[in-house]
Each structure stands twice: as C-alpha cells, then as structure tokens.
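One structure below.
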Amino acid sequence: MKLGSGQSTDEAGSVIGKRSEAAYMRERKVVPGGSMRAASWLQPHPPYAARGEGCWVIDIDERRLLDCANNFFSLIHGHAFRPVLDAVRDAMTTGTAFGMPTESEILLAEALAARSPRMEQTRFCNSGTEAVLAAIKGARGLTGRYRIAKFEGCYHGAYDWVEVSLDPTPSNWDDENGNPASVRCNAGTPESVLQEVVVLPYDDPQRCADILRREGATLAAVIVDPNASRAGTVPMSKETAAVIQDACRRDGIILIADEVISFRLSYEGASPLFGLEPDLITTAKIIGGGLPIGAVSGRAEYMAVFDHSAGKPKVSMGGTFSANPLSMAAGLASLEHYSRPVVERLNKLGDALRDRISNGLADAGVAATVTGMGSLFRLHIGAGKVTGYRSAFPTAEAAKLIRRIQLAMLNENVLLTPNCSGSLSSPMTEVEVFSIADKLVHVVEKELGAYQGSSN
C-alpha cells in the first residue's frame with residue numbers, strides 16, 4: 001500500500017499518521033481520553049480530520065479515506081455539499097442566532113410535514129439525545145405515567161432512562177423470570193431509574209407481547225428504532241412491530257419512533273415500512289445537513305403538550321440555540337436534495353453493497369455475515385443468523401476481530417464505525433460501493449485466516 005506524506009507503519013502494519021499522533025498527544029493533556037467521543041476512538045490514536053470532499057474525508061496527514069461513517073450516519077450528502085454550504089453561507093450573512101423566531105424554522109417544519117402526515121407539527125432542539133428526552137417527557141405529560149419501555153441493546157442517546165440495558169452481557173441480561181433485565185449502563189445510575197424502565201426483546205414477539213400485557217397499563221411510552229444499529233442493524237420483524245402497535249393502542253401508551261438514524265430509509269421515514277403509526281417521532285442527523293439538530297414531531301393533538309401560547313405548557317421544551325437559522329437552512333437544503341429518486345437510488349446501492357459482500361463472503365467460505373437495510377450496513381463475525389441484540393453480541397474473539405477489521409479497512413483507506421457498520425451517502429456511485437464491498441471481503445478473509453492460523 002502506498003503511504004501518504006508523513007505516514008509510517010507500526011509492527012502490525014497499521015498506518016500511523018505523524019501529525020494525527022502529535023495532535024492526539026496534545027489533546028490528551030486537555031481532554032479526558034484524548035478525544036471528545038468514545039465512538040471515534042481508535043488504537044493507538046484516531047486520525048484527525050482536516051477537510052471533506054463528497055464521500056471522502058482527508059485527514060491532517062493528507063490521507064484520503066472513503067467515508068462510510070459519515071459522522072455516524074448524519075451526512076446523507078457527504079462532505080461540503082454545495083447546496084448546504086450555500087444555504088449556510090447565506091444564512092450567516094444575516095446573523096447566527098436570535099432571541100426571536102425566524103421564518104427558517106417554519107420552512108423546515110413544513111418540509112417535514114410534507115413528508116409525513118404524522119409529522120404535522122415539529123419542535124426543534126439541538127441533538128437526537130435532546131429530542132428523545134423531550135419526547136419521553138412529552139409522553140409522561142400526556143399520560144400522567146412515568147415508566148417507559150425500550151428494547152434491549154438499542155441506543156437512543158445519552159439519557160439515563162434510555163441507556164438502561166444498552167450494553168448488557170450474557171452474565172446479566174436476564175432477570176429471575178427469564179425476561180430481559182434492566183441493567184445499568186453508567187456507574188451511578190440510580191436504582192429508581194432501573195425500576196422505571198421495562199426492557200423488551202427485539203426479536204421475540206411473543207415474549208414482547210407477554211411483557212407488554214403485564215406492564216402496559218403502567219407505561220407512558222414505548223420507544224422503538226425499527227432498524228436499530230446497536231441491536232445488530234437488523235430490521236425489526238413486522239410481528240414485533242404489530243405487537244408494539246397493538247399494546248400501545250390497547251393501553252393508551254404513547255408510541256415514540258426514534259428515527260434519528262432510520263429516517264433516511266424512505267422519503268416518509270422508517271415507520272411506514274414496518275406498519276408503525278407512532279404518536280411522536282424523533283429525528284436528527286440527516287435533517288440538519290451536517291449541523292447540530294434534533295426534532296420531535298407528531299400530530300397536533302400530541303404536540304399540544306409543548307404548547308406554551310396560553311401559559312405554562314404541560315411540558316417545557318426549548319433551548320438557546322434551538323431552531324437556530326444556520327441549522328434550519330442546512331437542514332432544509334439537505335432534505336430538499338434528499339428527494340424520492342435520491343432515496344431510491346441510495347437504497348438500491350445499499351442492496352447492491354450487501355449482496356456483493358454476502359456473495360463474496362460465501363464464495364470465500366468465510367463465517368461472517370452482513371446485515372442492514374436501505375443505505376445502512378453492518379458486519380458480523382460468525383456463522384449464526386443475526387436477529388437482534390443477543391445474536392449480534394460478539395464473543396471476545398469476534399470483538400477483537402471486528403476491531404482488527406476496522407483498522408485493516410482504515411489501512412485500505414475506508415473509514416467504518418468501530419463495530420464495522422457504515423452508511424452510504426449521495427455522492428457515492430457503484431464504483432465506491434463495489435470498492436467498499438470488495439475491500440471488506442478481502443480484509444475479513446485475511447483477518448479471519450490470520451486468526452485461525454494463530455489459534456491452531
């Protein structure tokens with residue numbers, strides 16, 4: 001492999017960028033862990049980005065990486081997308097934030113409403129975490145209940161209640177009755193939080209139905225991502241989706257669809273693909289065009305819980321930079337160019353990518369599989385079928401291999417997330433997609449072969 005300027009390799013053959021190494025040594029003095037996000041951490045240090053061009057990101061050592069991480073699936077049009085840049089530049093000339101509403105927030109809310117009748121009204125915030133937090137508070141305000149239900153292993157942001165059972169292990173994932181246990185994710189999470197969260201199995205509709213039948217009358221909300229990345233990037237079965245929908249209607253539970261990632265799956269969002277009719281929908285990532293954003297949307301009757309026009313609302317929702325005109329302008333440009341034809345083209349490219357990887361792994365006789373839907377994908381090590389969090393849970397050996405594969409793909413100038421998942425962006429063509437697939441198959445075959453050889 002040809003190395004860029006200022007690059008060398010360590011004993012394992014991993015590319016080390018000298019300028020990124022120096023940046024990391026500086027940052028670790030002033031930032032715990034040496035980077036702002038654990039999700040972007042790599043051993044011995046992460047590459048530091050300098051600029052982006054379409055589906056490529058260039059690090060400060062001038063290495064060009066084909067970007068499948070896309071800032072964790074938020075850059076649907078890749079980097080430095082001209083319509084977004086132009087929209088933000090125009091918005092900046094008039095001011096970056098005001099203590100007053102602007103017409104830009106109307107335009108983006110109207111754009112969401114035009115995509116789905118269930119997004120009749122919207123309130124904006126600054127992240128997916130904030131959107132989920134507000135939606136749960138809204139559900140509690142609407143129902144007068146406080147407990148929620150979520151699915152095991154599913155990520156919904158950095159909020160105590162939705163982090164319950166985010167990363168349980170085989171040693172603690174069942175309670176005394178054989179149902180998914182409520183397991184703390186962070187040190188210091190109060191016991192009371194665990195008691196307020198019911199955990200559901202992602203891929204067992206009958207057990208899900210039994211739990212909801214028992215607990216449903218106590219629940220304010222069920223939150224669901226029907227193609228959850230942390231649960232394996234496996235589309236939820238329509239049987240499980242129907243169980244959730246029926247329980248919410250039966251017991252007056254607010255159904256929250258977390259589409260922070262999965263909104264990209266169709267022009268209308270993910271829920272219609274699974275037969276879900278959510279009361280509240282949380283979005284972020286692609287609706288912000290690469291700038292900070294979050295949103296809670298729903299029909300007017302549910303969104304009225306946030307209505308402050310007649311005095312104190314049931315639930316307050318706001319923030320200093322919520323609906324700032326830069327994020328609104330970037331988001332509107334992003335959505336305007338994520339049209340039906342673009343959605344369909346990206347989804348077809350995603351199908352082609354997964355097919356090429358699957359066929360390549362099968363031809364190589366490699367015990368690995370790829371999951372995903374639309375423009376999303378994820379690699380799994382092992383021969384078993386992946387149906388949810390537990391079947392996606394890697395052994396210690398598989399976890400090490402996934403990390404080695406991510407690093408080996410980085411050496412092939414392809415950037416994946418730490419669990420070897422990725423997303424496509426609109427600048428990509430079959431050339432980039434087939435390159436990703438072929439390199440991934442080659443790397444998996446090589447790394448598995450090396451591991452098996454060392455264990456014999």
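Going through the structure tokens in order, the chains are called A, B, and so on, while each chain numbers its residues from 1 and the ligands are numbered from 1 in the order shown.
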
Write out as number ranges by chain all residues of stretch 240-411 of chain A that DSSP puts in alpha helix (DSSP H) for this structure's backbone.
-> A: 240-251, 300-303, 325-336, 340-364, 389-392, 396-411

Near stretch 92-99 of chain A, 10 Å: stretch 288-323 of chain A residue rows, closest pairs, only C-alpha atoms, as CSV:
residue,atom,partner,partner_atom,distance
A:Thr320,CA,A:Gly99,CA,7.8
A:Phe321,CA,A:Ala97,CA,6.8
A:Ser322,CA,A:Ala97,CA,9.2
A:Ala323,CA,A:Ala97,CA,8.7

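Interatomic distance, atom CA of A:Ser297 to atom CA of A:Leu112: 8.5 Å.
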
Find the residues near stretch 414-421 of chain A: any atom within 7 Å, counting only C-alpha atoms, skip ones fewer than 4 places away on the same chain, and give them as a ChimeraX atom specification.
-> /A:39,65-69,377-379,402-403,406,409-410

Using only C-alpha atoms, which residue out of A:Ile436, A:Glu259, A:Asp203, A:His308 lies closest to A:Ala352?
-> A:Ile436
